[in-house]
Structure formats: C-alpha cells, structure tokens
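Here the structure is laid out as structure tokens; the discussion comes afterwards.
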Amino acid sequence: MVFLQDEKNKLCRGIELLNQEKDKLQSDIEFLNEDKAEFIRSAIQEVNDSNYEREKTIAENEKMLIELKEMNQTLVAKERVCTEELQEARQELIKVMVSKKVTGDGKIGVKTVRNGEQVLWNFREGRRASLKEVIRLQFNHTNK
C-alpha cells in the first residue's frame with residue numbers, strides 16, 4: 001500500500017508539473033497572440049497611412065492634370081488664333097502679290113500648285129517660301 005501511495009504521489013507531482021507547464025505554455029501563447037495582434041495592428045496602420053499618402057498624391061496629381069489640361073486648351077486656342085492670323089496674312093499677301101504681279105527680282109512669287117491652291121514660292125530654290133522671306137522681300141521692295 002505504501003508503494004501505491006508513493007506512485008500516487010509521484011503521479012500527483014507529475015500532474016502538477018504538467019499543469020504548471022500547461023499554464024506556462026498558455027501564458028506564452030497569450031503573449032504571442034498579443035504580440036501577433038500588435039504586429040497586425042501596426043501593419044494595418046502602416047498600410048492605412050501608406051494608402052492615405054497615395055490617395056493624397058493621386059488627388060494632387062489629378063488636380064495638376066486638370067490644370068495642365070486647361071492650360072493645354074488655352075495654348076491650343078491661342079495657337080489656333082495665331083495660325084488663323086498667319087494664314088489670313090499669307091492669303092492677303094498672295095492677293096497683293098498676284099494683283100501687283102510682284103516677283104521681287106524673280107526670286108519670290110506666287111505659284112499655283114496641283115490642287116489649284118496659290119502658295120508663296122521661292123523660285124530660285126524651288127520650294128515654298130517662308131512668310132518671313134516674303135515679308136523681308138516686300139519690306140526691302142518698299143524701301144527702294
């Protein structure tokens with residue numbers, strides 16, 4: 001019977017040790033779960049902060065894009081006006097040169113091309129004359 005009592009005591013101590021080990025493991029698990037939860041909260045916060053910054057940057061870029069589109073539309077409109085003015089000036093110059101039969105020593109004049117369009121022409125170089133060349137010629141012609 002003493003033998004059984006000794007075995008019972010050994011088993012009780014073993015159970016106590018196992019219970020202590022179980023409690024320690026549960027404590028470790030709780031600590032690790034808290035640590036894991038804190039890590040996850042921190043990672044989520046970093047992602048949220050990063051997303052906020054990205055959204056902020058996207059909003060700024062969208063605003064800048066709208067401003068650039070508006071500036072581009074303004075520039076296109078100004079370019080259209082300038083192009084129309086230059087085209088009108090070129091057409092008026094062609095009319096004057098045709099009516100006065102100005103050729104300016106045969107270098108620059110008006111040529112009718114395939115589609116019947118009249119263009120300013122540099123006969124010496126066999127190419128279209130620039131508006132600058134024609135204006136220079138007319139200015140020199142009026143100064144003489």
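Convention: chains lettered A, B, ... in structure tokens order; per-chain residue numbering from 1; ligands numbered from 1 as shown.
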Set the distance at 12 Å and use only C-alpha atoms: which residues neighbour Ala89 of chain A once local chain neighbours fewer than 5 positions away are removed? I'd like the list as number ranges by chain.
A: 82-84, 94-96, 120, 131-132, 134-135
Okay, now the selection with N, CA and C atoms, as a compact mmCIF listing (two decimals), in the first residue's frame?
```
# COMPACT_ATOMS: atom_id res chain seq x y z
N CYS A 82 -3.43 82.32 -83.59
CA CYS A 82 -2.21 82.76 -84.27
C CYS A 82 -2.10 82.14 -85.66
N THR A 83 -2.42 80.86 -85.76
CA THR A 83 -2.35 80.19 -87.06
C THR A 83 -3.34 80.81 -88.04
N GLU A 84 -4.54 81.09 -87.55
CA GLU A 84 -5.54 81.72 -88.42
C GLU A 84 -5.07 83.10 -88.87
N ILE A 94 -0.59 86.98 -100.68
CA ILE A 94 -0.70 86.34 -102.00
C ILE A 94 -1.58 87.18 -102.92
N LYS A 95 -2.71 87.67 -102.39
CA LYS A 95 -3.61 88.51 -103.21
C LYS A 95 -2.88 89.76 -103.70
N VAL A 96 -2.15 90.41 -102.79
CA VAL A 96 -1.44 91.64 -103.16
C VAL A 96 -0.38 91.33 -104.21
N LEU A 120 3.03 80.90 -101.72
CA LEU A 120 4.23 81.72 -101.87
C LEU A 120 5.38 80.77 -102.22
N LEU A 131 6.97 82.76 -94.83
CA LEU A 131 6.33 84.06 -94.67
C LEU A 131 7.38 85.12 -94.34
N LYS A 132 8.37 84.73 -93.58
CA LYS A 132 9.46 85.65 -93.21
C LYS A 132 10.21 86.13 -94.46
N VAL A 134 9.09 86.35 -97.54
CA VAL A 134 8.23 87.21 -98.35
C VAL A 134 8.10 88.58 -97.71
N ILE A 135 7.95 88.62 -96.40
CA ILE A 135 7.84 89.91 -95.70
C ILE A 135 9.13 90.69 -95.86
```
Give the alpha helix (DSSP H) residues of chain A, as DSSP finds them on the backbone, and put them as a ChimeraX atom specification.
/A:2-100,131-143
May I have the selected residues written with C-alpha atoms, as an mmCIF file, in the first residue's frame?
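Ended up saving to out_21.cif:
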```cif
data_model
loop_
_atom_site.group_PDB
_atom_site.id
_atom_site.type_symbol
_atom_site.label_atom_id
_atom_site.label_comp_id
_atom_site.auth_asym_id
_atom_site.auth_seq_id
_atom_site.Cartn_x
_atom_site.Cartn_y
_atom_site.Cartn_z
ATOM 1 C CA VAL A 2 2.908 2.318 0.691
ATOM 2 C CA PHE A 3 4.070 1.510 -2.769
ATOM 3 C CA LEU A 4 0.747 2.636 -4.220
ATOM 4 C CA GLN A 5 0.834 5.766 -2.129
ATOM 5 C CA ASP A 6 4.316 6.583 -3.465
ATOM 6 C CA GLU A 7 3.167 6.006 -7.009
ATOM 7 C CA LYS A 8 0.099 8.164 -6.378
ATOM 8 C CA ASN A 9 2.308 10.973 -5.001
ATOM 9 C CA LYS A 10 4.661 10.703 -7.972
ATOM 10 C CA LEU A 11 1.725 10.892 -10.334
ATOM 11 C CA CYS A 12 0.292 13.903 -8.487
ATOM 12 C CA ARG A 13 3.640 15.712 -8.712
ATOM 13 C CA GLY A 14 3.812 14.811 -12.399
ATOM 14 C CA ILE A 15 0.315 16.201 -12.873
ATOM 15 C CA GLU A 16 1.310 19.375 -11.003
ATOM 16 C CA LEU A 17 4.378 19.750 -13.208
ATOM 17 C CA LEU A 18 2.284 19.162 -16.323
ATOM 18 C CA ASN A 19 -0.300 21.699 -15.120
ATOM 19 C CA GLN A 20 2.461 24.215 -14.434
ATOM 20 C CA GLU A 21 3.922 23.544 -17.884
ATOM 21 C CA LYS A 22 0.430 23.868 -19.392
ATOM 22 C CA ASP A 23 -0.096 27.212 -17.602
ATOM 23 C CA LYS A 24 3.308 28.435 -18.805
ATOM 24 C CA LEU A 25 2.514 27.394 -22.391
ATOM 25 C CA GLN A 26 -0.899 29.109 -22.205
ATOM 26 C CA SER A 27 0.778 32.245 -20.899
ATOM 27 C CA ASP A 28 3.314 32.078 -23.739
ATOM 28 C CA ILE A 29 0.511 31.577 -26.257
ATOM 29 C CA GLU A 30 -1.406 34.563 -24.859
ATOM 30 C CA PHE A 31 1.745 36.692 -25.015
ATOM 31 C CA LEU A 32 2.452 35.587 -28.588
ATOM 32 C CA ASN A 33 -1.179 36.210 -29.554
ATOM 33 C CA GLU A 34 -0.971 39.717 -28.099
ATOM 34 C CA ASP A 35 2.357 40.256 -29.862
ATOM 35 C CA LYS A 36 0.883 38.969 -33.120
ATOM 36 C CA ALA A 37 -2.199 41.168 -32.695
ATOM 37 C CA GLU A 38 0.013 44.221 -32.057
ATOM 38 C CA PHE A 39 2.092 43.390 -35.140
ATOM 39 C CA ILE A 40 -1.069 43.063 -37.240
ATOM 40 C CA ARG A 41 -2.452 46.359 -35.876
ATOM 41 C CA SER A 42 0.858 48.059 -36.654
ATOM 42 C CA ALA A 43 0.982 46.589 -40.168
ATOM 43 C CA ILE A 44 -2.621 47.643 -40.830
ATOM 44 C CA GLN A 45 -1.845 51.158 -39.589
ATOM 45 C CA GLU A 46 1.197 51.371 -41.881
ATOM 46 C CA VAL A 47 -0.901 50.199 -44.834
ATOM 47 C CA ASN A 48 -3.619 52.714 -43.987
ATOM 48 C CA ASP A 49 -1.066 55.519 -43.668
ATOM 49 C CA SER A 50 0.532 54.490 -46.949
ATOM 50 C CA ASN A 51 -2.878 54.371 -48.649
ATOM 51 C CA TYR A 52 -3.721 57.802 -47.262
ATOM 52 C CA GLU A 53 -0.479 59.240 -48.656
ATOM 53 C CA ARG A 54 -1.090 57.576 -52.023
ATOM 54 C CA GLU A 55 -4.650 58.865 -52.176
ATOM 55 C CA LYS A 56 -3.402 62.331 -51.259
ATOM 56 C CA THR A 57 -0.757 62.152 -54.016
ATOM 57 C CA ILE A 58 -3.317 60.871 -56.509
ATOM 58 C CA ALA A 59 -5.670 63.732 -55.643
ATOM 59 C CA GLU A 60 -2.853 66.256 -56.081
ATOM 60 C CA ASN A 61 -1.853 64.673 -59.396
ATOM 61 C CA GLU A 62 -5.461 64.682 -60.613
ATOM 62 C CA LYS A 63 -5.734 68.372 -59.710
ATOM 63 C CA MET A 64 -2.458 69.088 -61.528
ATOM 64 C CA LEU A 65 -3.682 67.079 -64.534
ATOM 65 C CA ILE A 66 -6.869 69.157 -64.712
ATOM 66 C CA GLU A 67 -4.817 72.369 -64.516
ATOM 67 C CA LEU A 68 -2.472 71.122 -67.247
ATOM 68 C CA LYS A 69 -5.409 70.163 -69.468
ATOM 69 C CA GLU A 70 -6.880 73.644 -69.002
ATOM 70 C CA MET A 71 -3.518 75.231 -69.813
ATOM 71 C CA ASN A 72 -3.202 72.997 -72.863
ATOM 72 C CA GLN A 73 -6.672 74.006 -74.065
ATOM 73 C CA THR A 74 -5.715 77.656 -73.628
ATOM 74 C CA LEU A 75 -2.489 77.156 -75.568
ATOM 75 C CA VAL A 76 -4.287 75.265 -78.325
ATOM 76 C CA ALA A 77 -6.843 78.074 -78.603
ATOM 77 C CA LYS A 78 -4.075 80.702 -78.740
ATOM 78 C CA GLU A 79 -2.204 78.654 -81.326
ATOM 79 C CA ARG A 80 -5.360 78.347 -83.415
ATOM 80 C CA VAL A 81 -5.855 82.130 -83.320
ATOM 81 C CA CYS A 82 -2.206 82.760 -84.267
ATOM 82 C CA THR A 83 -2.355 80.188 -87.056
ATOM 83 C CA GLU A 84 -5.535 81.722 -88.423
ATOM 84 C CA GLU A 85 -3.976 85.198 -88.297
ATOM 85 C CA LEU A 86 -0.860 83.981 -90.095
ATOM 86 C CA GLN A 87 -2.963 82.163 -92.687
ATOM 87 C CA GLU A 88 -5.040 85.298 -93.271
ATOM 88 C CA ALA A 89 -1.861 87.378 -93.596
ATOM 89 C CA ARG A 90 -0.388 84.840 -96.035
ATOM 90 C CA GLN A 91 -3.568 84.873 -98.142
ATOM 91 C CA GLU A 92 -3.675 88.670 -98.142
ATOM 92 C CA LEU A 93 -0.021 88.800 -99.165
ATOM 93 C CA ILE A 94 -0.701 86.337 -102.002
ATOM 94 C CA LYS A 95 -3.606 88.512 -103.209
ATOM 95 C CA VAL A 96 -1.435 91.639 -103.157
ATOM 96 C CA MET A 97 1.441 89.909 -104.941
ATOM 97 C CA VAL A 98 -0.880 88.469 -107.611
ATOM 98 C CA SER A 99 -2.650 91.798 -108.166
ATOM 99 C CA LYS A 100 0.624 93.735 -108.414
ATOM 100 C CA LEU A 131 6.330 84.060 -94.674
ATOM 101 C CA LYS A 132 9.461 85.645 -93.212
ATOM 102 C CA GLU A 133 11.204 85.598 -96.624
ATOM 103 C CA VAL A 134 8.226 87.209 -98.353
ATOM 104 C CA ILE A 135 7.837 89.912 -95.702
ATOM 105 C CA ARG A 136 11.561 90.662 -95.882
ATOM 106 C CA LEU A 137 11.305 90.924 -99.694
ATOM 107 C CA GLN A 138 8.270 93.198 -99.503
ATOM 108 C CA PHE A 139 9.934 95.375 -96.869
ATOM 109 C CA ASN A 140 13.086 95.690 -98.973
ATOM 110 C CA HIS A 141 10.957 96.362 -102.073
ATOM 111 C CA THR A 142 9.084 99.224 -100.358
ATOM 112 C CA ASN A 143 12.341 100.744 -99.034
#
```
Check the DSSP output for the backbone and give back, as JSON, numbers by chain, the residues of chain A in strand (DSSP E or B).
{"A": [108, 109, 110, 111, 112, 118, 119, 120, 121, 122, 127, 128]}
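Reported to one decimal place, the separation of atom CA of Asn122 of chain A from atom CA of Gly109 of chain A is 6.6 Å.
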